[in-house]
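Novice: Contents of work-v8.csv (CSV, C-alpha atoms and all ligand atoms) are below:
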```csv
chain,number,residue,atom,x,y,z
A,268,MET,CA,0.0,0.0,0.0
A,269,GLY,CA,1.3,3.4,-0.9
A,270,LEU,CA,1.7,6.2,1.6
A,271,PHE,CA,-1.3,8.2,0.6
A,272,ASP,CA,-3.6,5.1,0.8
A,273,TYR,CA,-1.9,4.1,4.1
A,274,LEU,CA,-2.5,7.6,5.6
A,275,LYS,CA,-6.1,7.7,4.4
A,276,SER,CA,-7.0,4.2,5.5
A,277,LYS,CA,-5.3,4.8,8.9
A,278,PHE,CA,-7.5,7.7,9.7
A,279,LYS,CA,-10.6,7.1,7.7
A,280,GLY,CA,-10.8,3.4,8.3
A,281,HIS,CA,-11.8,4.2,11.9
A,282,LYS,CA,-14.9,6.0,10.8
A,283,GLU,CA,-16.0,3.1,8.8
A,284,GLU,CA,-15.2,0.6,11.6
A,285,ASP,CA,-17.4,2.7,13.9
A,286,LYS,CA,-20.3,2.4,11.5
A,287,ASP,CA,-19.8,-1.3,11.4
A,288,ASN,CA,-19.8,-1.5,15.1
A,289,LYS,CA,-23.3,0.0,15.3
A,290,GLU,CA,-24.7,-2.9,13.3
A,291,PRO,CA,-25.6,-6.1,15.1
A,292,LEU,CA,-22.8,-8.6,15.5
A,293,LYS,CA,-22.7,-11.1,12.6
A,294,SER,CA,-20.3,-13.6,14.2
A,295,GLU,CA,-18.6,-14.4,17.5
A,296,GLU,CA,-15.3,-13.3,16.0
A,297,LYS,CA,-16.4,-9.8,15.3
A,298,LYS,CA,-14.0,-7.4,17.1
A,299,VAL,CA,-15.6,-5.0,19.5
A,300,GLU,CA,-13.6,-1.9,20.5
A,301,THR,CA,-13.1,-1.6,24.2
A,302,PRO,CA,-13.8,1.9,25.7
A,303,VAL,CA,-10.0,2.3,26.1
A,304,GLU,CA,-9.4,1.5,22.4
A,305,LYS,CA,-12.2,3.9,21.4
A,306,LYS,CA,-10.7,6.7,23.5
A,307,GLU,CA,-7.3,6.1,21.9
A,308,GLU,CA,-8.9,6.3,18.4
A,309,GLU,CA,-10.7,9.5,19.3
A,310,LYS,CA,-7.5,11.0,20.5
A,311,LYS,CA,-5.7,10.0,17.3
A,312,GLN,CA,-8.5,11.5,15.2
A,313,GLU,CA,-8.4,14.7,17.3
A,314,THR,CA,-4.6,15.0,16.9
A,315,LYS,CA,-4.9,14.5,13.1
A,316,ASP,CA,-7.7,17.2,12.9
A,317,ALA,CA,-5.6,19.7,14.8
A,318,TYR,CA,-2.7,19.1,12.4
A,319,VAL,CA,-4.9,19.4,9.4
A,320,LYS,CA,-6.3,22.7,10.6
A,321,GLY,CA,-3.0,24.1,11.8
A,322,MET,CA,-1.0,23.1,8.7
A,323,LYS,CA,-3.5,24.4,6.1
A,324,LYS,CA,-1.0,26.9,4.8
A,325,ALA,CA,1.8,24.4,4.6
A,326,ASN,CA,-0.5,21.9,2.8
A,327,HIS,CA,-1.7,24.4,0.3
A,328,GLY,CA,1.7,25.7,-0.5
A,329,PHE,CA,3.3,22.3,-1.0
A,330,MET,CA,0.5,20.4,-2.7
A,331,TYR,CA,-0.5,23.3,-4.9
A,332,ARG,CA,3.1,23.4,-6.3
A,333,LEU,CA,3.2,19.7,-6.7
A,334,LYS,CA,-0.2,19.7,-8.5
A,335,SER,CA,0.8,22.5,-10.8
A,336,LEU,CA,3.9,20.7,-11.8
A,337,THR,CA,1.9,17.7,-12.7
A,338,SER,CA,-0.4,19.8,-14.9
A,339,ILE,CA,2.6,21.3,-16.8
A,340,PHE,CA,4.4,18.1,-17.5
A,341,HIS,CA,2.8,15.1,-19.0
A,342,LYS,CA,5.8,12.9,-18.9
A,343,VAL,CA,8.7,13.0,-16.4
A,344,ASN,CA,12.1,14.1,-17.6
A,345,ASP,CA,15.2,15.6,-16.0
A,346,GLU,CA,13.7,19.0,-15.9
A,347,TYR,CA,10.7,17.7,-14.0
A,348,PHE,CA,13.0,16.2,-11.3
A,349,ASP,CA,14.9,19.5,-11.1
A,350,ASP,CA,11.6,21.4,-10.5
A,351,LEU,CA,10.6,18.8,-8.0
A,352,GLU,CA,13.8,19.2,-6.1
A,353,GLU,CA,13.3,22.9,-6.0
A,354,ILE,CA,9.8,22.5,-4.5
A,355,LEU,CA,11.2,20.3,-1.8
A,356,ILE,CA,14.0,22.8,-1.0
A,357,GLU,CA,11.5,25.7,-0.9
A,358,ALA,CA,9.3,23.7,1.4
A,359,ASP,CA,12.3,23.6,3.8
A,360,VAL,CA,13.1,20.0,3.4
A,361,GLY,CA,16.7,21.0,3.2
A,362,ALA,CA,19.1,20.8,0.3
A,363,ASP,CA,20.9,17.6,1.3
A,364,LEU,CA,17.7,15.7,2.1
A,365,SER,CA,15.9,17.0,-1.0
A,366,ILE,CA,18.8,15.9,-3.3
A,367,LYS,CA,18.8,12.5,-1.6
A,368,ILE,CA,15.0,12.0,-2.0
A,369,ILE,CA,15.1,13.0,-5.6
A,370,ASP,CA,18.0,10.8,-6.4
A,371,GLU,CA,16.3,7.8,-4.9
A,372,ALA,CA,13.0,8.5,-6.7
A,373,LYS,CA,14.9,8.9,-10.0
A,374,LYS,CA,16.5,5.5,-9.5
A,375,GLU,CA,13.3,3.8,-8.6
A,376,ALA,CA,11.5,5.5,-11.5
A,377,LYS,CA,14.1,4.1,-13.9
A,378,VAL,CA,14.0,0.6,-12.5
A,379,TYR,CA,10.2,0.4,-12.6
A,380,LYS,CA,9.9,2.5,-15.7
A,381,ILE,CA,7.6,5.1,-14.1
A,382,ASP,CA,7.1,8.3,-16.1
A,383,ASP,CA,3.7,9.4,-14.9
A,384,PRO,CA,4.2,12.7,-12.9
A,385,GLU,CA,1.5,11.8,-10.4
A,386,LYS,CA,3.1,8.5,-9.6
A,387,ILE,CA,6.5,10.2,-9.3
A,388,ASN,CA,5.1,12.7,-6.8
A,389,LYS,CA,3.7,9.9,-4.7
A,390,LEU,CA,7.1,8.1,-4.9
A,391,VAL,CA,8.8,11.3,-3.7
A,392,VAL,CA,6.4,11.7,-0.8
A,393,GLU,CA,7.0,8.1,0.2
A,394,LYS,CA,10.7,8.7,0.2
A,395,MET,CA,10.1,11.6,2.6
A,396,PHE,CA,8.3,9.3,4.9
A,397,GLU,CA,10.9,6.6,4.7
A,398,GLY,CA,13.6,9.3,5.2
A,399,TYR,CA,12.1,10.3,8.5
A,400,GLU,CA,11.5,6.8,9.7
A,401,ASN,CA,15.1,5.7,9.0
A,402,SER,CA,17.0,8.6,10.4
A,403,GLY,CA,16.4,8.2,14.1
A,404,ASP,CA,14.5,6.4,16.8
A,405,ASN,CA,10.9,7.0,17.5
A,406,VAL,CA,10.7,8.6,20.9
A,407,GLU,CA,7.6,9.1,23.0
A,408,PRO,CA,6.8,12.8,22.7
A,409,ASP,CA,5.6,13.3,26.3
A,410,VAL,CA,8.0,14.5,28.9
A,411,ARG,CA,9.7,11.6,30.6
A,412,PHE,CA,8.9,11.8,34.2
A,413,VAL,CA,11.5,10.6,36.7
A,414,SER,CA,10.4,7.9,39.2
A,415,SER,CA,10.7,10.0,42.2
A,416,GLY,CA,11.0,13.7,42.9
A,417,PRO,CA,10.4,16.6,40.6
A,418,THR,CA,11.2,16.3,36.9
A,419,VAL,CA,13.0,19.3,35.5
A,420,LEU,CA,12.5,20.6,32.0
A,421,LEU,CA,14.7,23.4,30.7
A,422,ILE,CA,13.5,25.4,27.7
A,423,VAL,CA,16.1,27.1,25.4
A,424,GLY,CA,16.1,28.8,22.1
A,425,VAL,CA,16.7,32.1,20.3
A,426,ASN,CA,14.7,35.3,20.9
A,427,GLY,CA,11.0,35.3,20.0
A,428,GLY,CA,10.9,31.6,19.0
A,429,GLY,CA,8.0,30.9,21.2
A,430,LYS,CA,9.7,29.6,24.4
A,431,THR,CA,7.4,31.3,26.9
A,432,THR,CA,4.2,30.4,25.0
A,433,THR,CA,5.3,26.8,24.7
A,434,ILE,CA,6.0,26.7,28.5
A,435,ALA,CA,2.5,27.9,29.1
A,436,LYS,CA,1.1,25.2,26.8
A,437,LEU,CA,3.1,22.5,28.4
A,438,ALA,CA,2.1,23.7,31.9
A,439,ASN,CA,-1.5,23.6,30.9
A,440,ARG,CA,-1.1,20.1,29.4
A,441,TYR,CA,0.4,18.6,32.5
A,442,LYS,CA,-1.8,20.5,34.9
A,443,LYS,CA,-4.7,18.9,33.1
A,444,GLN,CA,-3.1,15.5,33.6
A,445,GLY,CA,-3.1,16.1,37.3
A,446,LYS,CA,0.5,17.0,37.8
A,447,LYS,CA,1.7,19.7,40.2
A,448,VAL,CA,3.6,22.1,38.0
A,449,LEU,CA,6.0,24.9,39.0
A,450,LEU,CA,7.3,27.5,36.5
A,451,VAL,CA,10.7,29.3,37.0
A,452,ALA,CA,10.9,32.7,35.3
A,453,ALA,CA,14.7,32.6,34.7
A,454,ASP,CA,14.5,34.9,31.7
A,455,THR,CA,15.5,38.0,33.8
A,456,PHE,CA,17.2,39.5,30.7
A,457,ARG,CA,14.3,40.8,28.6
A,458,ALA,CA,12.2,43.5,30.2
A,459,GLY,CA,8.7,42.2,30.8
A,460,ALA,CA,9.5,38.5,30.4
A,461,VAL,CA,9.0,37.7,34.0
A,462,GLU,CA,5.6,39.4,34.0
A,463,GLN,CA,4.6,37.6,30.8
A,464,LEU,CA,5.2,34.2,32.4
A,465,GLY,CA,3.4,35.4,35.5
A,466,VAL,CA,0.3,36.2,33.5
A,467,TRP,CA,0.3,32.7,32.0
A,468,ALA,CA,0.9,31.1,35.4
A,469,LYS,CA,-2.1,32.9,36.8
A,470,ARG,CA,-4.3,32.0,33.8
A,471,ILE,CA,-3.4,28.3,34.0
A,472,GLY,CA,-3.4,28.2,37.8
A,473,VAL,CA,0.1,27.0,38.4
A,474,ASP,CA,2.8,28.3,40.8
A,475,ILE,CA,5.7,30.4,39.7
A,476,VAL,CA,9.1,31.4,41.1
A,477,SER,CA,10.3,34.7,39.9
A,478,GLY,CA,12.6,37.6,40.8
A,479,PRO,CA,13.3,41.1,39.7
A,480,ASP,CA,14.2,41.8,36.0
A,481,GLY,CA,18.0,41.7,35.7
A,482,GLY,CA,18.4,39.2,38.5
A,483,ASP,CA,20.8,36.2,38.3
A,484,PRO,CA,19.1,33.3,36.4
A,485,SER,CA,21.2,30.7,38.1
A,486,SER,CA,20.1,31.8,41.6
A,487,LEU,CA,16.5,31.7,40.4
A,488,CYS,CA,17.0,28.1,39.3
A,489,TYR,CA,18.4,27.3,42.7
A,490,ASP,CA,15.4,28.9,44.4
A,491,GLY,CA,12.9,27.3,42.0
A,492,LEU,CA,14.3,23.7,42.2
A,493,THR,CA,14.6,24.0,46.0
A,494,LYS,CA,10.9,25.0,46.2
A,495,ALA,CA,10.0,22.1,43.8
A,496,LYS,CA,11.8,19.6,46.0
A,497,ASN,CA,10.4,20.8,49.2
A,498,GLY,CA,6.9,21.3,47.9
A,499,ASN,CA,6.5,17.9,46.2
A,500,TYR,CA,6.1,19.2,42.7
A,501,ASP,CA,5.9,16.8,39.8
A,502,LEU,CA,7.2,19.1,37.1
A,503,VAL,CA,9.4,22.2,37.0
A,504,ILE,CA,9.6,24.1,33.7
A,505,VAL,CA,12.4,26.7,33.5
A,506,ASP,CA,12.1,29.6,31.1
A,507,THR,CA,15.3,31.2,29.8
A,508,ALA,CA,16.3,34.3,28.0
A,509,GLY,CA,16.4,34.1,24.2
A,510,ARG,CA,20.0,33.7,23.1
A,511,LEU,CA,21.7,33.6,19.9
A,512,GLN,CA,23.6,30.4,19.5
A,513,ASN,CA,26.8,32.2,18.7
A,514,LYS,CA,27.0,34.4,21.8
A,515,ALA,CA,29.5,32.5,23.9
A,516,ASN,CA,28.7,34.4,27.2
A,517,LEU,CA,25.0,33.5,27.0
A,518,MET,CA,25.8,29.9,26.2
A,519,ALA,CA,28.1,29.8,29.2
A,520,GLU,CA,25.3,31.2,31.3
A,521,LEU,CA,23.2,28.2,30.3
A,522,SER,CA,25.9,25.8,31.4
A,523,LYS,CA,26.0,27.5,34.8
A,524,MET,CA,22.3,27.2,35.2
A,525,LYS,CA,22.5,23.5,34.4
A,526,ARG,CA,25.3,23.1,37.0
A,527,VAL,CA,23.3,24.8,39.7
A,528,MET,CA,20.2,22.7,38.8
A,529,GLY,CA,22.2,19.5,39.1
A,530,LYS,CA,23.4,20.5,42.6
A,531,VAL,CA,19.8,20.9,43.9
A,532,ILE,CA,18.3,17.9,42.0
A,533,PRO,CA,20.9,15.4,40.9
A,534,ASP,CA,20.7,14.5,37.1
A,535,SER,CA,18.5,17.6,36.4
A,536,PRO,CA,17.6,19.1,34.1
A,537,HIS,CA,16.1,15.8,33.0
A,538,GLU,CA,14.9,17.2,29.7
A,539,THR,CA,16.1,20.1,27.6
A,540,PHE,CA,13.9,21.2,24.8
A,541,LEU,CA,15.1,23.5,22.1
A,542,ILE,CA,12.3,25.7,20.7
A,543,ILE,CA,12.5,26.5,17.0
A,544,ASP,CA,10.2,28.8,15.0
A,545,ALA,CA,9.1,26.9,11.8
A,546,ASN,CA,9.3,30.2,9.9
A,547,THR,CA,13.1,30.5,10.4
A,548,GLY,CA,13.6,27.6,7.9
A,549,GLN,CA,17.1,26.4,7.4
A,550,ASN,CA,18.4,29.0,9.8
A,551,GLY,CA,16.5,27.1,12.4
A,552,VAL,CA,18.3,24.0,11.5
A,553,GLU,CA,21.6,25.8,11.9
A,554,GLN,CA,20.5,27.2,15.3
A,555,ALA,CA,19.8,23.7,16.4
A,556,LYS,CA,23.2,22.4,15.3
A,557,VAL,CA,25.0,25.0,17.5
A,558,PHE,CA,22.8,24.5,20.5
A,559,LYS,CA,23.3,20.8,20.2
A,560,GLU,CA,27.1,21.3,20.3
A,561,THR,CA,27.0,23.4,23.5
A,562,THR,CA,24.1,21.9,25.5
A,563,SER,CA,22.7,18.4,25.5
A,564,LEU,CA,19.2,18.5,24.0
A,565,THR,CA,16.6,15.8,24.5
A,566,GLY,CA,14.0,17.2,22.2
A,567,ILE,CA,12.8,19.9,19.9
A,568,VAL,CA,9.6,21.8,19.8
A,569,ILE,CA,8.7,23.4,16.4
A,570,THR,CA,6.5,26.4,16.9
A,571,LYS,CA,4.3,28.4,14.6
A,572,MET,CA,3.7,25.6,12.2
A,573,ASP,CA,0.3,27.3,11.6
A,574,GLY,CA,1.9,30.4,10.3
A,575,THR,CA,4.2,29.1,7.6
A,576,SER,CA,3.6,28.0,4.1
A,577,LYS,CA,6.5,25.6,4.5
A,578,GLY,CA,6.3,22.4,6.5
A,579,GLY,CA,9.4,20.5,5.6
A,580,ILE,CA,11.6,21.7,8.5
A,581,ILE,CA,10.7,18.8,10.6
A,582,LEU,CA,12.1,16.3,8.0
A,583,SER,CA,15.2,18.5,7.6
A,584,ILE,CA,15.9,18.7,11.4
A,585,ARG,CA,15.5,14.9,11.7
A,586,ASP,CA,17.8,14.3,8.8
A,587,GLN,CA,20.5,16.8,10.0
A,588,LEU,CA,20.4,16.3,13.8
A,589,GLY,CA,18.6,13.1,14.7
A,590,ILE,CA,17.1,14.9,17.7
A,591,PRO,CA,13.4,14.0,18.1
A,592,VAL,CA,10.7,16.6,17.6
A,593,ARG,CA,8.6,16.1,20.6
A,594,PHE,CA,5.8,18.7,20.2
A,595,ILE,CA,4.6,21.2,17.6
A,596,GLY,CA,2.9,24.5,18.1
A,597,LEU,CA,-0.1,25.1,15.9
A,598,GLY,CA,-1.4,28.4,17.3
A,599,GLU,CA,-1.1,31.0,20.0
A,600,GLY,CA,-3.7,29.5,22.4
A,601,MET,CA,-3.0,27.3,25.4
A,602,ASP,CA,-4.3,24.2,23.7
A,603,ASP,CA,-2.5,24.7,20.5
A,604,LEU,CA,0.3,22.3,21.3
A,605,LYS,CA,0.3,18.8,20.0
A,606,GLU,CA,2.6,15.9,20.5
A,607,PHE,CA,4.5,15.2,17.4
A,608,ASP,CA,3.0,12.4,15.4
A,609,LEU,CA,4.5,11.5,12.1
A,610,ASP,CA,1.3,10.2,10.5
A,611,SER,CA,-0.7,13.2,11.5
A,612,TYR,CA,2.1,15.6,10.3
A,613,LEU,CA,2.3,13.9,6.9
A,614,TYR,CA,-1.5,13.8,6.6
A,615,GLY,CA,-1.6,17.6,7.4
A,616,LEU,CA,1.2,18.4,5.0
A,617,LEU,CA,0.2,16.1,2.1
A,618,ILE,CA,-3.5,15.4,2.3
A,619,GLY,CA,-5.1,18.2,4.2
A,620,GLU,CA,-8.7,19.0,4.3
A,621,ASP,CA,-9.4,19.3,0.6
A,622,ASP,CA,-9.0,15.5,0.1
A,623,GLU,CA,-10.7,14.6,3.4
A,624,GLN,CA,-14.1,13.8,1.9
A,701,LIG,N1,0.8,31.4,15.4
A,701,LIG,C1,1.6,31.0,16.4
A,701,LIG,N2,2.2,31.9,17.2
A,701,LIG,C2,3.0,31.5,18.2
A,701,LIG,C3,3.2,30.1,18.5
A,701,LIG,N3,4.0,30.0,19.5
A,701,LIG,C4,4.3,31.2,19.9
A,701,LIG,N4,3.7,32.2,19.1
A,701,LIG,C5,3.8,33.6,19.2
A,701,LIG,O1,5.1,34.0,19.0
A,701,LIG,C6,5.4,35.2,19.7
A,701,LIG,C7,6.7,35.0,20.6
A,701,LIG,O2,6.4,34.1,21.6
A,701,LIG,P1,7.1,34.0,23.0
A,701,LIG,O3,6.6,32.8,23.6
A,701,LIG,O4,7.1,35.2,23.7
A,701,LIG,O5,8.6,33.7,22.5
A,701,LIG,P2,10.0,33.7,23.4
A,701,LIG,O6,10.8,32.7,22.7
A,701,LIG,O7,9.6,33.4,24.8
A,701,LIG,O8,10.5,35.1,23.2
A,701,LIG,P3,11.7,35.9,24.0
A,701,LIG,O9,11.3,35.7,25.5
A,701,LIG,O10,11.6,37.3,23.6
A,701,LIG,O11,13.0,35.3,23.6
A,701,LIG,C8,4.2,35.5,20.6
A,701,LIG,O12,3.4,36.5,19.9
A,701,LIG,C9,3.4,34.2,20.6
A,701,LIG,O13,2.0,34.3,20.7
A,701,LIG,C10,2.5,29.1,17.6
A,701,LIG,O14,2.7,27.9,17.7
A,701,LIG,N5,1.8,29.7,16.6
A,702,MG,MG,10.2,34.4,26.5
```
Just dump the structure as structure tokens.
Ligand SMILES: Nc1nc2c(ncn2[C@@H]2O[C@H](COP(=O)(O)OP(=O)(O)OP(=O)(O)O)[C@@H](O)[C@H]2O)c(=O)[nH]1
Ligand SMILES: [Mg+2]
Specialist:
Amino acid sequence: MGLFDYLKSKFKGHKEEDKDNKEPLKSEEKKVETPVEKKEEEKKQETKDAYVKGMKKANHGFMYRLKSLTSIFHKVNDEYFDDLEEILIEADVGADLSIKIIDEAKKEAKVYKIDDPEKINKLVVEKMFEGYENSGDNVEPDVRFVSSGPTVLLIVGVNGGGKTTTIAKLANRYKKQGKKVLLVAADTFRAGAVEQLGVWAKRIGVDIVSGPDGGDPSSLCYDGLTKAKNGNYDLVIVDTAGRLQNKANLMAELSKMKRVMGKVIPDSPHETFLIIDANTGQNGVEQAKVFKETTSLTGIVITKMDGTSKGGIILSIRDQLGIPVRFIGLGEGMDDLKEFDLDSYLYGLLIGEDDEQ
């Protein structure tokens, strides 16, 4: 089964199965969904719907270009492959990965004598899927909680990427799951940053540790983690100032914060997420490379996927860095954060709502 059929059947099959389940059972073997399975299915569908809605622009941009190419060319030739490669690069799939995908598709097209543009497009999309699957392990997106004591999650990234908003979304997610969450406003650098996180904390109903603007972020980490330890918190999320990856002093400050955290709660921070704005394209990939060199990252969150006409950055990051994307931001609201799910992502990018019927 090809990727498109696979994705469609994966999500649409459930609807049909539901219909079947409403009919009287025909045989003893007929499988009945348990409430737990049903809940899982509903959750999957909900995730997919959020991706489709959030990735509308990415889907239109990418598929519109693929379709227009198909209408210009009736048969595939070298020029067609060149244009296809350009579309991938412009969708932020990254030059290296785009070339790799096109080369593989070319080879396969030759072996199986495929020259129908539509078939080639499907082949290319399948290579994108395989490329992702083969370039790293599949990691559970959710924060990995330690077995005892507070789990510490450090959030890093460049200015304006969406760190503070993502922290609010994560705090909201885990509060809803019944966790006791504490925020640490360790971005004392940007005026108003502490207040911004304070507003979110109030809105969500979680506690926060903060100090004056211009204070020492490491001592705030010390205070925050001490409070978390003594107050039996489950999760501490630490906000940090936006920093350019090439500013040595700021990167050193991050190392200091980590050292202090490790002294209060051994092995913390347990998770470090790098926040990348999807609109920054290949520059985002470069940022991630430098952050990865100076600080050990356990995950990436891609924000503002809703605002970009490009969607390939996730594939590119995976190809270049092998760090798992754990969540994606699909809007500015508290609930607009979804766990990263490859199937839903590809469905949002490649199928979208036009083909949903
Ligand atoms: N559309 C959209 N906007 C987002 C998303 N995530 C964040 N934003 C917006 O991006 C802007 C910057 O977000 P912040 O969370 O303040 O970014 P930051 O990284 O904390 O910024 P600094 O603290 O200045 O470094 C805000 O206007 C957010 O509402 C998203 O997933 N989608
Ligand atoms: Mg911030």
Novice: I'd like the neighbourhood of Leu390 of chain A as an MDAnalysis selection string, where a residue qualifies if any of its atoms comes within 10 Å (using all atoms listed in the file), though same-chain residues fewer than 4 positions away should be ignored.
Specialist: chainID A and resid 269:270 368:369 371:373 375:376 381 384:386 394:396
Novice: Suppose we keep C-alpha atoms; can you now write the selection as an mmCIF file, in the frame of the given file?
Specialist:
```
data_model
loop_
_atom_site.group_PDB
_atom_site.id
_atom_site.type_symbol
_atom_site.label_atom_id
_atom_site.label_comp_id
_atom_site.auth_asym_id
_atom_site.auth_seq_id
_atom_site.Cartn_x
_atom_site.Cartn_y
_atom_site.Cartn_z
ATOM 1 C CA GLY A 269 1.300 3.400 -0.900
ATOM 2 C CA LEU A 270 1.700 6.200 1.600
ATOM 3 C CA ILE A 368 15.000 12.000 -2.000
ATOM 4 C CA ILE A 369 15.100 13.000 -5.600
ATOM 5 C CA GLU A 371 16.300 7.800 -4.900
ATOM 6 C CA ALA A 372 13.000 8.500 -6.700
ATOM 7 C CA LYS A 373 14.900 8.900 -10.000
ATOM 8 C CA GLU A 375 13.300 3.800 -8.600
ATOM 9 C CA ALA A 376 11.500 5.500 -11.500
ATOM 10 C CA ILE A 381 7.600 5.100 -14.100
ATOM 11 C CA PRO A 384 4.200 12.700 -12.900
ATOM 12 C CA GLU A 385 1.500 11.800 -10.400
ATOM 13 C CA LYS A 386 3.100 8.500 -9.600
ATOM 14 C CA LYS A 394 10.700 8.700 0.200
ATOM 15 C CA MET A 395 10.100 11.600 2.600
ATOM 16 C CA PHE A 396 8.300 9.300 4.900
#
```
Novice: What do you get as a ChimeraX atom specification if you pick all residues at most 10 Å from ligand LIG 701 (chain A), counting all atoms listed in the file?
Specialist: /A:321,422-436,454-461,463-464,506-511,542-545,568-575,595-605
Novice: Write out as a ChimeraX atom specification each polymer residue whose atoms come within 12 Å of Val406 of chain A, counting only C-alpha atoms; drop sequence neighbours fewer than 2 positions from it.
Specialist: /A:400,403-404,408-411,565-567,589-594,606-609
Novice: Could you check which of A:Asp272, A:Asp483, A:Glu313, A:Glu462 is closest to ligand MG 702 (chain A), using all atoms listed in the file?
Specialist: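 Counting all atoms listed in the file, the residue closest to ligand MG 702 (chain A) is A:Glu462.
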Novice: What is the atom CA of Gln549 of chain A to atom CA of Ala325 of chain A distance in Å?
Specialist: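 About the pair atom CA of Gln549 of chain A and atom CA of Ala325 of chain A: they are 15.7 Å apart.
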Novice: Mind pulling up the distance from atom CA of Val319 of chain A to atom CA of Leu616 of chain A?
Specialist: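 Value for the atom CA of Leu616 of chain A-atom CA of Val319 of chain A distance: 7.6 Å.
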Novice: Just checking: using only C-alpha atoms and all ligand atoms, which residue out of A:Val505, A:Asn405, A:Tyr379, A:Phe340 ends up closest to ligand MG 702 (chain A)?
Specialist: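 Using only C-alpha atoms and all ligand atoms, ligand MG 702 (chain A) sits closest to A:Val505.
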Novice: Would you please work out which residue, of A:Ile354, A:Leu582, A:Leu564, A:Val343, is nearest to Met330 of chain A when using all atoms listed in the file?
Specialist: A:Ile354
Novice: Could you extract segment 498-549 of chain A of the given structure into a file holding C-alpha atoms, as a JSON list (two decimals), in the first residue's frame?
Specialist:
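This is the output file result31.json:
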```
[["chain", "number", "residue", "atom", "x", "y", "z"],
["A", 498, "GLY", "CA", 6.88, 21.28, 47.87],
["A", 499, "ASN", "CA", 6.52, 17.88, 46.16],
["A", 500, "TYR", "CA", 6.06, 19.24, 42.67],
["A", 501, "ASP", "CA", 5.95, 16.79, 39.77],
["A", 502, "LEU", "CA", 7.24, 19.07, 37.06],
["A", 503, "VAL", "CA", 9.39, 22.20, 36.99],
["A", 504, "ILE", "CA", 9.62, 24.12, 33.71],
["A", 505, "VAL", "CA", 12.38, 26.69, 33.47],
["A", 506, "ASP", "CA", 12.07, 29.63, 31.08],
["A", 507, "THR", "CA", 15.30, 31.18, 29.81],
["A", 508, "ALA", "CA", 16.27, 34.32, 27.95],
["A", 509, "GLY", "CA", 16.40, 34.08, 24.19],
["A", 510, "ARG", "CA", 20.00, 33.70, 23.13],
["A", 511, "LEU", "CA", 21.74, 33.62, 19.85],
["A", 512, "GLN", "CA", 23.59, 30.40, 19.54],
["A", 513, "ASN", "CA", 26.83, 32.22, 18.66],
["A", 514, "LYS", "CA", 26.98, 34.36, 21.81],
["A", 515, "ALA", "CA", 29.52, 32.55, 23.95],
["A", 516, "ASN", "CA", 28.69, 34.36, 27.21],
["A", 517, "LEU", "CA", 25.01, 33.49, 26.99],
["A", 518, "MET", "CA", 25.76, 29.89, 26.17],
["A", 519, "ALA", "CA", 28.11, 29.80, 29.18],
["A", 520, "GLU", "CA", 25.31, 31.16, 31.33],
["A", 521, "LEU", "CA", 23.17, 28.21, 30.26],
["A", 522, "SER", "CA", 25.90, 25.80, 31.39],
["A", 523, "LYS", "CA", 26.04, 27.55, 34.75],
["A", 524, "MET", "CA", 22.28, 27.24, 35.19],
["A", 525, "LYS", "CA", 22.51, 23.55, 34.44],
["A", 526, "ARG", "CA", 25.30, 23.06, 36.98],
["A", 527, "VAL", "CA", 23.26, 24.78, 39.68],
["A", 528, "MET", "CA", 20.19, 22.67, 38.83],
["A", 529, "GLY", "CA", 22.23, 19.49, 39.08],
["A", 530, "LYS", "CA", 23.36, 20.48, 42.57],
["A", 531, "VAL", "CA", 19.81, 20.91, 43.86],
["A", 532, "ILE", "CA", 18.26, 17.94, 42.04],
["A", 533, "PRO", "CA", 20.87, 15.43, 40.85],
["A", 534, "ASP", "CA", 20.69, 14.55, 37.15],
["A", 535, "SER", "CA", 18.52, 17.57, 36.42],
["A", 536, "PRO", "CA", 17.61, 19.07, 34.05],
["A", 537, "HIS", "CA", 16.12, 15.76, 32.98],
["A", 538, "GLU", "CA", 14.91, 17.17, 29.71],
["A", 539, "THR", "CA", 16.09, 20.13, 27.64],
["A", 540, "PHE", "CA", 13.85, 21.23, 24.79],
["A", 541, "LEU", "CA", 15.06, 23.54, 22.06],
["A", 542, "ILE", "CA", 12.30, 25.74, 20.69],
["A", 543, "ILE", "CA", 12.47, 26.49, 16.97],
["A", 544, "ASP", "CA", 10.21, 28.80, 15.02],
["A", 545, "ALA", "CA", 9.15, 26.95, 11.85],
["A", 546, "ASN", "CA", 9.31, 30.19, 9.89],
["A", 547, "THR", "CA", 13.06, 30.47, 10.37],
["A", 548, "GLY", "CA", 13.57, 27.63, 7.91],
["A", 549, "GLN", "CA", 17.07, 26.39, 7.37]]
```
